[in-house]
Amino acid sequence: MAPTSTPHTPFGRVLTAMVTPFTAEGALDLDGAQRLAAHLVDAGNDGLVVNGTTGESPTTSDAEKAQLVRAVVEAVGDRAHVVAGAGTNDTRHSIELARAAEQAGAHGLLVVTPYYNKPPQEGLRRHFTAIADATELPVMLYDIPGRSGVQLETETMVRLAEHPRIVANKDAKGDLSAAGWAMARSGLAWYSGDDMLNLPLLSIGAAGFVSVVGHVVAPELRALLEAHRSGDAVKAAEIHRRLLPVYTGMFRTQGVMTTKAALALQGLPAGPLRLPLVELTEEQTEQLKRDLAAGGVQL
């Protein structure tokens, strides 16, 4: 059973989009996944997203996805929300993944806008509705036009929010004006999906974060959130500025690559990447070390 939450934070407040640890041979490392999940929750995350893009979902099988959900729920499901990525550019396949995640014990679903085939807004509405109809799990939409090639327009979000199980949006659109209008009109719980915009989105009503840098600075993200909630804008801004080198450094190149490198530097489960992703070069690793150190991360 998922931990309790308020209606405005259906998935918690500080969530990390977790990498998927692999063994040295490239197989799924379920023990490593459980150890990493426990570490992230201990560090201050009250939610984890598994099988997202940061979890290398394009290169894991459906069976591996279900196994990962089951393992992470077993490890931390009694003290954190476990949200399973189930979005693809094929509605039927997404429904299959959603049902498998529900059977594996997930507390919610993250469903990205279909990528590459660029459906119209009515296609997006029907896609998300069909997936939400397929299970009893709450759904977080994921709007990331830079990757998917299509954005969720405000009118579409307003219509989707009428569905009783579509309750939130992960915003990686990078448009604060659009976010403000969509929050106000849809009533969806809003989660920052762009770490650099964590504080700006909080300032206009976001509930929390689905973060990548939460792998290494979850306590700081929690402190940022609490400072903002308590009305201490100065402290929140100070934390934001202190984290700027981390935000920048973790996205100098592809985020999964830097995250797995950062975890390896800290001795945490990560393992290799699956092609087409590759390990950082020595030069990139040294730059990452400098960026993390500048943001106060201990390696």
# chains A, B, ... in the order shown; residues from 1 in each chain; ligands from 1
>>> residues_around(residues="Ser148 (chain A)", least_positions_apart="4", cutoff="9 Å", atoms="only C-alpha atoms", output="JSON, numbers by chain")
{"A": [112, 113, 114, 115, 116, 117, 118, 143, 144]}
>>> closest_atom_pairs(of="region 194-213 of chain A", to="region 244-264 of chain A", cutoff="9 Å", atoms="only C-alpha atoms", output="JSON lines")
{"residue": "A:Asp195", "atom": "CA", "partner": "A:Tyr247", "partner_atom": "CA", "distance": 6.3}
{"residue": "A:Met196", "atom": "CA", "partner": "A:Tyr247", "partner_atom": "CA", "distance": 5.9}
{"residue": "A:Val212", "atom": "CA", "partner": "A:Gly255", "partner_atom": "CA", "distance": 7.5}
{"residue": "A:Val213", "atom": "CA", "partner": "A:Tyr247", "partner_atom": "CA", "distance": 6.8}
>>> residues_around(residues="Met140 (chain A)", least_positions_apart="4", cutoff="12 Å", atoms="only C-alpha atoms", output="PyMOL selection string")
chain A and resi 9-12+49+83-87+107-113+128-129+131-132+157+160-161+163-171+188-193+210
>>> residues_around(residues="Leu225 (chain A)", least_positions_apart="5", cutoff="10 Å", atoms="only C-alpha atoms", output="JSON, numbers by chain")
{"A": [13, 14, 198, 199, 202, 207, 208, 209, 219, 220, 230, 236, 239]}
>>> residues_around(residues="region 29-32 of chain A", least_positions_apart="2", cutoff="10 Å", atoms="only C-alpha atoms", output="PyMOL selection string")
chain A and resi 20-27+34-38+64+67-72+75+268-271
>>> write_last_selection(atoms="C-alpha atoms", output="mmCIF file, in the first residue's frame")
data_model
loop_
_atom_site.group_PDB
_atom_site.id
_atom_site.type_symbol
_atom_site.label_atom_id
_atom_site.label_comp_id
_atom_site.auth_asym_id
_atom_site.auth_seq_id
_atom_site.Cartn_x
_atom_site.Cartn_y
_atom_site.Cartn_z
ATOM 1 C CA THR A 20 18.534 1.219 -13.345
ATOM 2 C CA PRO A 21 21.639 -0.519 -11.972
ATOM 3 C CA PHE A 22 23.194 -3.189 -14.154
ATOM 4 C CA THR A 23 25.809 -5.815 -13.385
ATOM 5 C CA ALA A 24 29.264 -5.686 -14.952
ATOM 6 C CA GLU A 25 27.910 -8.046 -17.609
ATOM 7 C CA GLY A 26 25.021 -5.695 -18.379
ATOM 8 C CA ALA A 27 22.242 -7.692 -16.712
ATOM 9 C CA GLN A 34 17.105 -2.242 -3.892
ATOM 10 C CA ARG A 35 20.224 -0.872 -2.201
ATOM 11 C CA LEU A 36 20.131 2.293 -4.299
ATOM 12 C CA ALA A 37 16.408 2.784 -3.649
ATOM 13 C CA ALA A 38 16.961 2.461 0.106
ATOM 14 C CA GLU A 64 12.871 -6.378 -16.659
ATOM 15 C CA GLN A 67 10.999 -7.123 -12.072
ATOM 16 C CA LEU A 68 12.447 -3.717 -11.228
ATOM 17 C CA VAL A 69 9.132 -2.351 -9.978
ATOM 18 C CA ARG A 70 8.602 -5.412 -7.807
ATOM 19 C CA ALA A 71 12.107 -5.189 -6.316
ATOM 20 C CA VAL A 72 11.912 -1.459 -5.540
ATOM 21 C CA ALA A 75 12.678 -2.480 -0.698
ATOM 22 C CA LEU A 268 26.782 3.398 -4.962
ATOM 23 C CA PRO A 269 25.111 0.817 -7.250
ATOM 24 C CA ALA A 270 24.934 1.940 -10.865
ATOM 25 C CA GLY A 271 26.926 -0.271 -13.203
#
>>> atom_distance(atom1="CA of Ala106 (chain A)", atom2="CA of Leu152 (chain A)")
24.7 Å
>>> closest_residue(among="A:Val150, A:Val158, A:Val216, A:Ala134", to="Lys173 (chain A)", atoms="only C-alpha atoms")
A:Val150
>>> select_by_dssp(residues="region 35-217 of chain A", states="strand (DSSP E or B)", output="count of residues only")
33
>>> atom_distance(atom1="CA of Asn45 (chain A)", atom2="CA of Asp194 (chain A)")
16.5 Å
>>> closest_residue(among="A:Arg274, A:Arg242, A:Arg147, A:Arg229", to="Ala294 (chain A)", atoms="only C-alpha atoms")
A:Arg242
>>> atom_distance(atom1="CA of His93 (chain A)", atom2="CA of Ala182 (chain A)")
28.0 Å
>>> select_by_dssp(residues="region 131-282 of chain A", states="alpha helix (DSSP H)", output="ChimeraX atom specification")
/A:131-134,145-148,154-160,176-186,198-203,214-229,233-249,255-265,282
